[in-house]
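A.B. asks: Dropping a structure here in structure tokens format, bear with me for questions.
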Amino acid sequence: MKVLYLLSWCVLMIMGMPIAFSLGAICFAFFWIDGGTMTSVPQRMFAAVDSFPLLAVPAFILAGEVMNTGGLTKRIVEFARVLVGHISGGLGHVTVLANVIVSGISGSALAEAAGIGSVMIEAMKKQGFSPAFAGSLNAAASTIGPLIPPSIPLVIYAVMASVSAGKMLLAGFAPGFLVAIALMVYVYFVSKKRGYPTSERATLNQVWQATKSAFLALMTPIIIIWGIVGGVFTPTEAAAATVVYGLVVSLFVYKDMHWRDLPSVFRKSAKTTAVVGFIISTANLVSYVLTRERVPQMMSETLLSLSDERWVILLLINILLLVLGCFMEGLAVMLLTVPVLLPLVMQLGVDPVHFGVIVVMNLMIGLIHPPFGMALFVVAKVGDIPYKDLAWSIWPFVIPLLIVLLICTYWPWIVMVLPNLMLGR
């Protein structure tokens with residue numbers, strides 16, 4: 001019967017049914033056939049999203065929309081240009097640094113792929129970068145967003161694993177910066193080899209003008225982190241504060257966003273939030289079914305039968321998550337696998353905060369991994385680049401990300417040093 005449910009789900013996916021609907025349909029069938037109480041289905045779906053920490057998700061989504069519409073993105077890009085534009089591969093480094101800064105505002109890889117990509121890809125094309133290289137770099141750099149706080153996936157994981165959201169957000173800092181450094185090293189050597197252009201070194205006055213213009217935008221991540229670490233507000237309250245701050249700056253200071261833009265911004269944010277919320281709701285049903293059928297225990301027994309070495313188990317988990325991330329939406333993979341894998345890794349002595357960062361890093365690689373990497377589709381659209389070109393050119397960018405993933409997997413102190421230092425063990 002379990003195999004039949006799995007095959008039915010695969011058939012629905014092949015037919016093109018959205019992941020949330022296919023998961024919900026299979027779970028509904030399970031409750032119906034198994035003789036369960038059908039009223040528990042909507043109750044469990046509602047309970048999945050009835051969470052105070054999860055309120056941070058729609059707020060950070062809205063913050064990303066405000067950032068892109070309100071002129072914060074283009075000022076951050078100009079600030080990054082005057083700092084690193086003179087290094088070999090100029091605009092490539094600007095792309096990475098801009099994603100690092102913007103990640104402290106939006107917390108969403110796809111928001112960064114769209115926001116930064118719409119500005120940088122065309123600029124890189126005009127300077128002689130190949131379209132496929134420009135698009136692939138923007139897609140790869142967007143994976144920094146869900147690592148450096150605020151991070152939507154890390155907040156969702158914190159709720160699922162019942163760990164401190166503050167610790168989870170701080171744990172993403174070091175991996176995020178390592179990804180940025182790895183990508184900039186790769187861009188430097190490729191640009192040297194291909195002769196990609198650089199910008200002139202900015203004068204001190206240009207640096208000052210760019211800093212002054214982008215100052216309020218740059219303050220956003222500082223306010224968020226200071227507020228969380230200082231205990232001024234929770235991550236959820238920080239998300240709300242980010243929205244208010246972004247709206248004030250965009251409407252009354254930069255004035256790049258007008259009141260007539262607000263309905264469109266709210267509508268886009270609401271649609272994205274509804275999709276995320278529905279996936280969380282249906283995935284909670286799956287978690288219940290998996291737990292009831294003892295799938296976590298069977299998975300643990302299977303992996304432990306292969307090896308009882310922690311490094312081997314973590315390697316197998318990384319491979320599993322990477323493969324699933326190639327074919328499924330990242331949030332759905334996390335909601336399906338974490339309830340199964342978390343008890344196993346905790347049994348092996350892995351800190352759940354450390355494991356959360358490993359999960360999110362795998363899923364971010366899945367966002368740029370063919371055949372269904374969502375960031376590739378976004379970049380192909382905003383950059384007007386054929387998807388097949390991106391699918392071939394993205395592979396070299398995956399290698400630096402995999403190296404950072406392995407470093408963070410087997411040297412957990414890199415991930416844990418900041419949350420332990422700031423919030424204690």
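Ordering of the structure tokens sets the chain letters (A, B, ...); residue numbers start at 1 within each chain; ligands are numbered from 1 in the order shown.
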I'd like the neighbourhood of Ile76 (chain A) as number ranges by chain, where a residue qualifies if any of its atoms comes within 10 Å (using only C-alpha atoms), though same-chain residues fewer than 5 positions away should be ignored.
C.D. replies: A: 71, 81, 94, 97-99, 101-102, 116, 210-211, 213-218
A.B. asks: Taking only C-alpha atoms into account, name the residue in A:Ala20, A:Phe79, A:Ser8, A:Ile26 that is nearest to Lys212 (chain A).
C.D. replies: A:Phe79
A.B. asks: Set the distance at 8 Å and use only C-alpha atoms: which residues neighbour Val100 (chain A) once local chain neighbours fewer than 6 positions away are removed? I'd like the list as an MDAnalysis selection string.
C.D. replies: chainID A and resid 144:145 148 176:177 180
A.B. asks: How far is it from CA of Val417 (chain A) to CA of Pro352 (chain A), in Å with one decimal?
C.D. replies: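 Separation of CA of Val417 (chain A) and CA of Pro352 (chain A): 14.2 Å.
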A.B. asks: Using only C-alpha atoms, which protein or nucleic acid residues come within 12 Å of Leu315 (chain A)? Drop anything in the same chain fewer than 3 positions from it, and give the result as a list in words.
C.D. replies: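 My list of contacting residues is Leu303, Leu306, Ser307, Glu309, Arg310, Trp311, Val312, Asn318, Ile319, Leu320, Leu321, Leu322, Val345, Ile358, Val359, Asn362, Leu402, Leu405, Leu406, Ile407, Cys408, Thr409 and Tyr410 of chain A.
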A.B. asks: Go through A:Ser151, A:Ser22, A:Ser305, A:Thr73 and flag the residue nearest Thr95 (chain A), using only C-alpha atoms for the distances.
C.D. replies: A:Thr73
A.B. asks: List every residue of region 123-349 of chain A that DSSP, applied to the backbone, labels as helix (DSSP H, G or I), and write the result as an MDAnalysis selection string.
C.D. replies: chainID A and resid 123:126 131:144 152:161 165:171 173:194 204:229 235:253 259:292 295:306 310:327 330:347
A.B. asks: Which residues of region 167-258 of chain A come within 10 Å of region 50-69 of chain A, and what is each one's closest atom pair and distance in Å (one decimal), counting only C-alpha atoms, sorted by chain and residue number, as a Markdown table?
C.D. replies:
```
| residue | atom | partner | partner_atom | distance |
| --- | --- | --- | --- | --- |
| A:Ala217 | CA | A:Met67 | CA | 8.6 |
| A:Thr234 | CA | A:Pro53 | CA | 8.5 |
| A:Pro235 | CA | A:Ala56 | CA | 6.8 |
| A:Thr236 | CA | A:Ala56 | CA | 4.3 |
| A:Glu237 | CA | A:Ala56 | CA | 7.3 |
| A:Ala238 | CA | A:Ala56 | CA | 7.8 |
| A:Ala239 | CA | A:Ala59 | CA | 5.3 |
| A:Ala240 | CA | A:Ala59 | CA | 5.7 |
| A:Ala241 | CA | A:Ala59 | CA | 8.9 |
| A:Thr242 | CA | A:Ala63 | CA | 6.4 |
| A:Val243 | CA | A:Ala63 | CA | 4.9 |
| A:Val244 | CA | A:Ala63 | CA | 8.5 |
| A:Tyr245 | CA | A:Ala63 | CA | 9.1 |
| A:Gly246 | CA | A:Val66 | CA | 6.4 |
| A:Leu247 | CA | A:Val66 | CA | 6.6 |
| A:Val249 | CA | A:Met67 | CA | 9.6 |
| A:Ser250 | CA | A:Val66 | CA | 7.5 |
| A:Leu251 | CA | A:Val66 | CA | 9.8 |
| A:Asp256 | CA | A:Thr69 | CA | 7.4 |
| A:Met257 | CA | A:Thr69 | CA | 6.1 |
| A:His258 | CA | A:Thr69 | CA | 9.3 |
```
A.B. asks: List the neighbours of Val82 (chain A) out to 12 Å using only C-alpha atoms; skip same-chain residues closer than 4 positions along the sequence, and give me the result as a short mmCIF file (atom, residue, chain, number, x, y, z; two decimals) with N, CA, C and O atoms, in the first residue's frame.
C.D. replies:
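Now in around-v5.cif:
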```cif
data_model
loop_
_atom_site.label_atom_id
_atom_site.label_comp_id
_atom_site.auth_asym_id
_atom_site.auth_seq_id
_atom_site.Cartn_x
_atom_site.Cartn_y
_atom_site.Cartn_z
N ARG A 75 20.57 51.22 -5.27
CA ARG A 75 21.56 51.96 -4.49
C ARG A 75 22.61 51.02 -3.88
O ARG A 75 23.78 51.37 -3.78
N ILE A 76 22.15 49.83 -3.49
CA ILE A 76 23.09 48.85 -2.96
C ILE A 76 24.04 48.36 -4.05
O ILE A 76 25.24 48.18 -3.82
N VAL A 77 23.52 48.19 -5.26
CA VAL A 77 24.36 47.77 -6.39
C VAL A 77 25.43 48.84 -6.68
O VAL A 77 26.60 48.51 -6.91
N GLU A 78 25.05 50.10 -6.66
CA GLU A 78 26.03 51.18 -6.91
C GLU A 78 27.08 51.23 -5.80
O GLU A 78 28.27 51.43 -6.06
N HIS A 86 36.61 47.51 -9.39
CA HIS A 86 37.93 47.61 -10.02
C HIS A 86 38.69 46.28 -10.01
O HIS A 86 39.73 46.16 -10.66
N ILE A 87 38.19 45.27 -9.29
CA ILE A 87 38.84 43.96 -9.25
C ILE A 87 38.57 43.23 -10.57
O ILE A 87 37.54 43.45 -11.20
N GLY A 90 35.19 42.83 -12.54
CA GLY A 90 34.45 43.89 -11.88
C GLY A 90 32.99 43.66 -11.53
O GLY A 90 32.64 43.47 -10.37
N LEU A 91 32.13 43.68 -12.55
CA LEU A 91 30.69 43.57 -12.28
C LEU A 91 30.30 42.21 -11.71
O LEU A 91 29.26 42.09 -11.06
N HIS A 93 32.01 40.66 -9.34
CA HIS A 93 32.18 40.85 -7.90
C HIS A 93 31.10 41.77 -7.33
O HIS A 93 30.65 41.58 -6.19
N VAL A 94 30.69 42.75 -8.13
CA VAL A 94 29.60 43.63 -7.70
C VAL A 94 28.33 42.81 -7.48
O VAL A 94 27.61 43.01 -6.50
N LEU A 97 28.72 40.82 -4.13
CA LEU A 97 28.66 41.69 -2.95
C LEU A 97 27.25 42.27 -2.78
O LEU A 97 26.75 42.38 -1.65
N ALA A 98 26.61 42.64 -3.88
CA ALA A 98 25.24 43.17 -3.79
C ALA A 98 24.30 42.13 -3.21
O ALA A 98 23.42 42.44 -2.40
N THR A 198 37.04 45.35 -16.27
CA THR A 198 36.89 45.88 -14.92
C THR A 198 36.50 47.35 -15.02
O THR A 198 36.66 47.99 -16.07
N SER A 199 36.00 47.89 -13.93
CA SER A 199 35.70 49.32 -13.87
C SER A 199 36.91 50.06 -13.31
O SER A 199 37.79 49.46 -12.69
N GLU A 200 36.93 51.35 -13.54
CA GLU A 200 37.99 52.16 -12.95
C GLU A 200 37.82 52.20 -11.44
O GLU A 200 36.71 52.17 -10.92
N ARG A 201 38.96 52.27 -10.74
CA ARG A 201 38.90 52.37 -9.28
C ARG A 201 38.19 53.65 -8.88
O ARG A 201 38.52 54.74 -9.38
N ALA A 202 37.23 53.54 -8.02
CA ALA A 202 36.45 54.71 -7.59
C ALA A 202 37.30 55.63 -6.74
O ALA A 202 38.17 55.19 -5.97
N THR A 203 37.07 56.92 -6.89
CA THR A 203 37.74 57.90 -6.03
C THR A 203 37.10 57.91 -4.65
O THR A 203 35.99 57.39 -4.46
N LEU A 204 37.79 58.52 -3.70
CA LEU A 204 37.24 58.61 -2.35
C LEU A 204 35.91 59.37 -2.35
O LEU A 204 34.99 59.03 -1.61
N ASN A 205 35.80 60.37 -3.21
CA ASN A 205 34.56 61.13 -3.28
C ASN A 205 33.41 60.27 -3.81
O ASN A 205 32.29 60.34 -3.32
N GLN A 206 33.71 59.44 -4.82
CA GLN A 206 32.68 58.54 -5.36
C GLN A 206 32.24 57.51 -4.32
O GLN A 206 31.05 57.19 -4.21
N VAL A 207 33.21 57.00 -3.55
CA VAL A 207 32.87 56.06 -2.48
C VAL A 207 31.98 56.74 -1.45
O VAL A 207 30.98 56.16 -0.99
N TRP A 208 32.31 57.97 -1.10
CA TRP A 208 31.53 58.70 -0.12
C TRP A 208 30.10 58.97 -0.63
O TRP A 208 29.13 58.78 0.09
N GLN A 209 29.99 59.38 -1.89
CA GLN A 209 28.67 59.67 -2.45
C GLN A 209 27.81 58.41 -2.51
O GLN A 209 26.61 58.44 -2.20
N ALA A 210 28.41 57.29 -2.92
CA ALA A 210 27.65 56.04 -2.99
C ALA A 210 27.24 55.56 -1.61
O ALA A 210 26.14 55.05 -1.41
N THR A 211 28.14 55.72 -0.65
CA THR A 211 27.83 55.32 0.74
C THR A 211 26.71 56.18 1.30
O THR A 211 25.78 55.67 1.94
N ALA A 214 23.40 55.16 -0.29
CA ALA A 214 22.90 53.83 0.11
C ALA A 214 22.84 53.64 1.61
O ALA A 214 22.47 52.55 2.08
#
```
A.B. asks: If we count only C-alpha atoms, what is near Lys381 (chain A) at a cut-off of 12 Å, once residues fewer than 2 positions away on the same chain are taken out, given as a PyMOL selection string?
C.D. replies: chain A and resi 110+113-115+117-118+121+135+139+374-379+383-387+390
A.B. asks: Restricting the calculation to only C-alpha atoms: of A:Ala47, A:Leu341, A:Ile279, A:Ala25, which residue gets closest to Phe355 (chain A)?
C.D. replies: A:Leu341
A.B. asks: Please provide as a ChimeraX atom specification all residues within 8 Å of region 363-371 of chain A, with the sequence filter that same-chain residues fewer than 4 positions apart are discarded (counting only C-alpha atoms).
C.D. replies: /A:109,139-140,143,146,321-322,324-327,329-331,333-334,359,375-376,391,394-395,398,401-402
